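> Okay, so here is work23.pdb, and as you'll see once you scroll down, it has PDB, C-alpha atoms and all ligand atoms.
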ATOM      1  CA  MET A   1      10.146  15.740  11.794
ATOM      2  CA  SER A   2       7.245  13.383  11.148
ATOM      3  CA  GLU A   3       7.008  10.251  13.274
ATOM      4  CA  CYS A   4       5.099   8.501  10.487
ATOM      5  CA  ILE A   5       7.169   5.646   9.051
ATOM      6  CA  PHE A   6       5.721   6.013   5.558
ATOM      7  CA  CYS A   7       6.338   9.784   5.593
ATOM      8  CA  LYS A   8       9.937   8.875   6.407
ATOM      9  CA  ILE A   9      10.038   6.657   3.311
ATOM     10  CA  VAL A  10       8.590   9.555   1.274
ATOM     11  CA  ALA A  11      11.289  11.860   2.684
ATOM     12  CA  GLY A  12      14.051   9.320   2.000
ATOM     13  CA  GLU A  13      14.868   9.110   5.707
ATOM     14  CA  ILE A  14      14.457   5.332   5.764
ATOM     15  CA  PRO A  15      15.028   2.983   2.831
ATOM     16  CA  ALA A  16      12.383   1.112   0.880
ATOM     17  CA  LYS A  17      12.516  -1.209  -2.108
ATOM     18  CA  LYS A  18      10.725   1.194  -4.435
ATOM     19  CA  VAL A  19       9.264  -0.009  -7.712
ATOM     20  CA  PHE A  20       7.681   3.305  -8.725
ATOM     21  CA  GLU A  21       7.664   6.955  -7.726
ATOM     22  CA  ASP A  22       6.115  10.107  -9.154
ATOM     23  CA  ASP A  23       5.014  13.465  -7.745
ATOM     24  CA  ASP A  24       1.981  11.961  -6.004
ATOM     25  CA  LEU A  25       2.787   8.425  -4.923
ATOM     26  CA  ILE A  26       5.316   5.714  -4.199
ATOM     27  CA  VAL A  27       4.965   1.965  -4.657
ATOM     28  CA  PHE A  28       7.360  -0.316  -2.768
ATOM     29  CA  HIS A  29       7.729  -3.885  -1.546
ATOM     30  CA  ASP A  30       6.202  -4.683   1.833
ATOM     31  CA  ILE A  31       8.986  -5.408   4.329
ATOM     32  CA  ASN A  32       7.133  -8.476   5.635
ATOM     33  CA  PRO A  33       5.454  -9.991   2.574
ATOM     34  CA  VAL A  34       2.543 -12.400   2.968
ATOM     35  CA  ALA A  35       2.809 -13.685  -0.621
ATOM     36  CA  PRO A  36       5.447 -13.780  -3.419
ATOM     37  CA  VAL A  37       4.242 -10.364  -4.583
ATOM     38  CA  HIS A  38       3.310  -7.862  -1.872
ATOM     39  CA  LEU A  39       3.430  -4.225  -2.877
ATOM     40  CA  LEU A  40       2.275  -1.162  -0.975
ATOM     41  CA  ALA A  41       1.049   1.925  -2.813
ATOM     42  CA  ILE A  42       1.060   5.123  -0.746
ATOM     43  CA  PRO A  43       0.275   8.768  -1.420
ATOM     44  CA  LYS A  44       3.185  11.123  -0.757
ATOM     45  CA  LYS A  45       0.749  13.328   1.127
ATOM     46  CA  HIS A  46       0.127  12.130   4.679
ATOM     47  CA  ILE A  47      -3.439  10.821   4.791
ATOM     48  CA  ALA A  48      -3.866   8.895   8.032
ATOM     49  CA  SER A  49      -6.364   6.334   6.750
ATOM     50  CA  LEU A  50      -9.144   5.699   4.277
ATOM     51  CA  ALA A  51     -11.528   6.910   6.972
ATOM     52  CA  THR A  52      -9.959  10.381   6.992
ATOM     53  CA  ALA A  53      -9.478  10.776   3.228
ATOM     54  CA  THR A  54     -11.436  13.672   1.743
ATOM     55  CA  ALA A  55     -12.897  14.428  -1.672
ATOM     56  CA  ASP A  56      -9.664  16.299  -2.453
ATOM     57  CA  ASP A  57      -7.825  12.975  -2.139
ATOM     58  CA  ALA A  58      -9.970  11.163  -4.713
ATOM     59  CA  LEU A  59      -7.563  11.667  -7.625
ATOM     60  CA  VAL A  60      -4.526  10.295  -5.815
ATOM     61  CA  MET A  61      -6.583   7.411  -4.441
ATOM     62  CA  GLY A  62      -7.518   6.476  -7.995
ATOM     63  CA  LYS A  63      -3.863   6.686  -8.996
ATOM     64  CA  LEU A  64      -2.894   4.341  -6.155
ATOM     65  CA  LEU A  65      -5.243   1.695  -7.545
ATOM     66  CA  GLN A  66      -4.442   2.151 -11.231
ATOM     67  CA  THR A  67      -0.655   2.430 -10.863
ATOM     68  CA  GLY A  68      -0.434  -0.277  -8.212
ATOM     69  CA  SER A  69      -2.441  -2.627 -10.396
ATOM     70  CA  GLN A  70      -0.113  -2.220 -13.381
ATOM     71  CA  LEU A  71       2.951  -2.736 -11.183
ATOM     72  CA  ALA A  72       1.452  -5.820  -9.530
ATOM     73  CA  ILE A  73       0.896  -7.309 -12.995
ATOM     74  CA  GLU A  74       4.483  -6.471 -13.987
ATOM     75  CA  GLN A  75       5.822  -7.999 -10.770
ATOM     76  CA  GLY A  76       4.150 -11.384 -11.314
ATOM     77  CA  CYS A  77       0.415 -11.030 -10.837
ATOM     78  CA  ALA A  78      -0.743 -11.432 -14.442
ATOM     79  CA  ASP A  79      -3.444 -13.889 -13.354
ATOM     80  CA  GLY A  80      -4.828 -11.696 -10.615
ATOM     81  CA  PHE A  81      -4.133 -10.325  -7.193
ATOM     82  CA  ARG A  82      -5.865  -8.978  -4.113
ATOM     83  CA  THR A  83      -6.070  -5.353  -3.059
ATOM     84  CA  LEU A  84      -6.522  -4.550   0.617
ATOM     85  CA  ILE A  85      -6.857  -1.357   2.618
ATOM     86  CA  ASN A  86      -6.866  -1.960   6.363
ATOM     87  CA  THR A  87      -8.650   0.863   8.132
ATOM     88  CA  GLY A  88      -8.662   1.735  11.825
ATOM     89  CA  ARG A  89      -8.772  -0.496  14.888
ATOM     90  CA  VAL A  90     -11.351  -2.915  13.544
ATOM     91  CA  GLY A  91      -9.531  -3.169  10.210
ATOM     92  CA  ARG A  92      -6.255  -3.853  12.092
ATOM     93  CA  GLN A  93      -4.466  -0.923  10.494
ATOM     94  CA  GLU A  94      -0.899  -0.839  11.814
ATOM     95  CA  VAL A  95       0.596   2.090   9.908
ATOM     96  CA  TYR A  96      -1.554   5.220   9.981
ATOM     97  CA  HIS A  97      -0.592   6.523   6.548
ATOM     98  CA  LEU A  98      -3.018   5.389   3.868
ATOM     99  CA  HIS A  99      -1.678   2.450   1.857
ATOM    100  CA  VAL A 100      -3.101  -0.073  -0.547
ATOM    101  CA  HIS A 101      -1.740  -3.623  -0.393
ATOM    102  CA  PHE A 102      -1.358  -5.551  -3.676
ATOM    103  CA  VAL A 103      -0.926  -9.230  -2.859
ATOM    104  CA  GLY A 104      -0.487 -12.131  -5.257
ATOM    105  CA  GLY A 105       1.854 -14.393  -7.124
ATOM    106  CA  PRO A 106       1.511 -17.644  -9.048
ATOM    107  CA  ASP A 107      -0.812 -19.419  -6.623
ATOM    108  CA  VAL A 108      -4.448 -18.837  -5.795
ATOM    109  CA  LEU A 109      -4.787 -16.929  -2.544
ATOM    110  CA  PRO A 110      -6.663 -18.324   0.451
ATOM    111  CA  PRO A 111     -10.145 -16.976   1.135
ATOM    112  CA  MET A 112     -10.076 -13.365   2.260
ATOM    113  CA  LEU A 113     -11.761 -13.994   5.611
ATOM    114  CA  LYS A 114     -12.517 -17.115   7.644
ATOM    115  CA  ARG A 115     -16.238 -17.828   7.778
TER
HETATM  116  P1  LIG B   1      -1.458  -2.369   7.835
HETATM  117  O1  LIG B   1      -1.306  -0.988   8.440
HETATM  118  O2  LIG B   1      -2.058  -3.352   8.797
HETATM  119  O3  LIG B   1      -2.209  -2.363   6.526
HETATM  120  O4  LIG B   1      -0.018  -2.951   7.516
HETATM  121  C1  LIG B   1       1.138  -2.168   7.390
HETATM  122  C2  LIG B   1       2.098  -2.883   6.481
HETATM  123  O5  LIG B   1       3.271  -2.094   6.364
HETATM  124  C3  LIG B   1       2.543  -4.264   6.973
HETATM  125  O6  LIG B   1       2.253  -5.245   5.950
HETATM  126  C4  LIG B   1       4.051  -4.108   7.200
HETATM  127  O7  LIG B   1       4.781  -5.265   6.876
HETATM  128  C5  LIG B   1       4.387  -2.943   6.282
HETATM  129  N1  LIG B   1       5.554  -2.157   6.689
HETATM  130  C6  LIG B   1       5.809  -1.610   7.897
HETATM  131  N2  LIG B   1       6.977  -0.935   7.873
HETATM  132  C7  LIG B   1       7.469  -1.042   6.621
HETATM  133  C8  LIG B   1       8.649  -0.558   5.973
HETATM  134  N3  LIG B   1       9.566   0.172   6.609
HETATM  135  N4  LIG B   1       8.841  -0.877   4.666
HETATM  136  C9  LIG B   1       7.924  -1.615   4.016
HETATM  137  N5  LIG B   1       6.788  -2.097   4.561
HETATM  138  C10 LIG B   1       6.564  -1.825   5.850
HETATM  139 ZN    ZN B   2       2.624   9.705   6.879
END
Let's see the structure in the file written out as structure tokens.

Amino acid sequence: MSECIFCKIVAGEIPAKKVFEDDDLIVFHDINPVAPVHLLAIPKKHIASLATATADDALVMGKLLQTGSQLAIEQGCADGFRTLINTGRVGRQEVYHLHVHFVGGPDVLPPMLKR
């Protein structure tokens, strides 16, 4: 059995507040949201990070962005949102299963990085 927490969500072994699922991906609410809307879009296939994605993964990566964007708008981000992919140690990736964060809500977000 996979030790990957997001593979466990894919397998239905742990619960998630899903907003979308198809053959290739799942979109669900982040368990520890940083804004009123905080969705995660993940491929069902285990891809450890953006750094290890291959050309074969390009289609599903596009679907993560396009589907996640539409769902973020539906969930309250009509005026915009931020997409984030944390990658590796420097990017402070915590879960090593590729995921795209969609963060937003009614208010303008703070700057992405402190200068
Ligand atoms: P990162 O790997 O740094 O991009 O962040 C991983 C994200 O996954 C964090 O925002 C966590 O709150 C979120 N997370 C971890 N476990 C779960 C879970 N079981 N359900 C939903 N979100 C989760
Ligand atoms: Zn996984």
> What do you get as a ChimeraX atom specification if you pick all residues at most 12 Å from ligand LIG 1 (chain B), counting only C-alpha atoms and all ligand atoms?
/A:4-10,12-19,26-35,37-42,48-50,83-103
> One number please: CA of Cys77 in chain A to CA of Ala11 in chain A, in Å, one decimal.
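Pair CA of Cys77 in chain A / CA of Ala11 in chain A returns 28.7 Å.
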> What is the distance between CA of Asp22 in chain A and CA of Leu71 in chain A, in Å to one decimal?
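Here the two named atoms are 13.4 Å from each other.
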> How many Å separate CA of Leu109 in chain A from CA of Gln66 in chain A?
21.0 Å
> Using only C-alpha atoms and all ligand atoms, which residue out of A:His46, A:Asp24, A:Glu3, A:Gly62 lies closest to ligand ZN 2 (chain B)?
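When distances to ligand ZN 2 (chain B) are compared using only C-alpha atoms and all ligand atoms, the smallest one comes from A:His46.
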> Have a look at A:Thr52, A:Gln75, A:Ser2, A:Ser69 and name the one nearest to ligand ZN 2 (chain B); count all atoms listed in the file.
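Selected residue with least distance to ligand ZN 2 (chain B): A:Ser2.
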> Counting all atoms listed in the file, which of A:Gly105, A:Ile47, A:Pro36, A:Glu21 gets nearest to ligand ZN 2 (chain B)?
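The closest residue to ligand ZN 2 (chain B) is A:Ile47.
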> Restricting the calculation to only C-alpha atoms and all ligand atoms: of A:Pro43, A:Pro110, A:Gly68, A:Gly80, which residue gets closest to ligand ZN 2 (chain B)?
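Going through A:Pro43, A:Pro110, A:Gly68, A:Gly80 one by one, the smallest distance to ligand ZN 2 (chain B) is for A:Pro43.
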> Could you work out an axis-aligned bounding box for all listed atoms of range 74-82 of chain A, with 8 Å added on each of the six sides, and give its centre and edge lengths in Å to one decimal, as AutoDock Vina command-line options?

--center_x 0.0 --center_y -10.2 --center_z -9.3 --size_x 27.7 --size_y 23.4 --size_z 26.3
> Just checking: using all atoms listed in the file, which residue out of A:Lys44, A:Asp79, A:Arg115, A:Phe20 ends up closest to ligand ZN 2 (chain B)?
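Using all atoms listed in the file, ligand ZN 2 (chain B) sits closest to A:Lys44.
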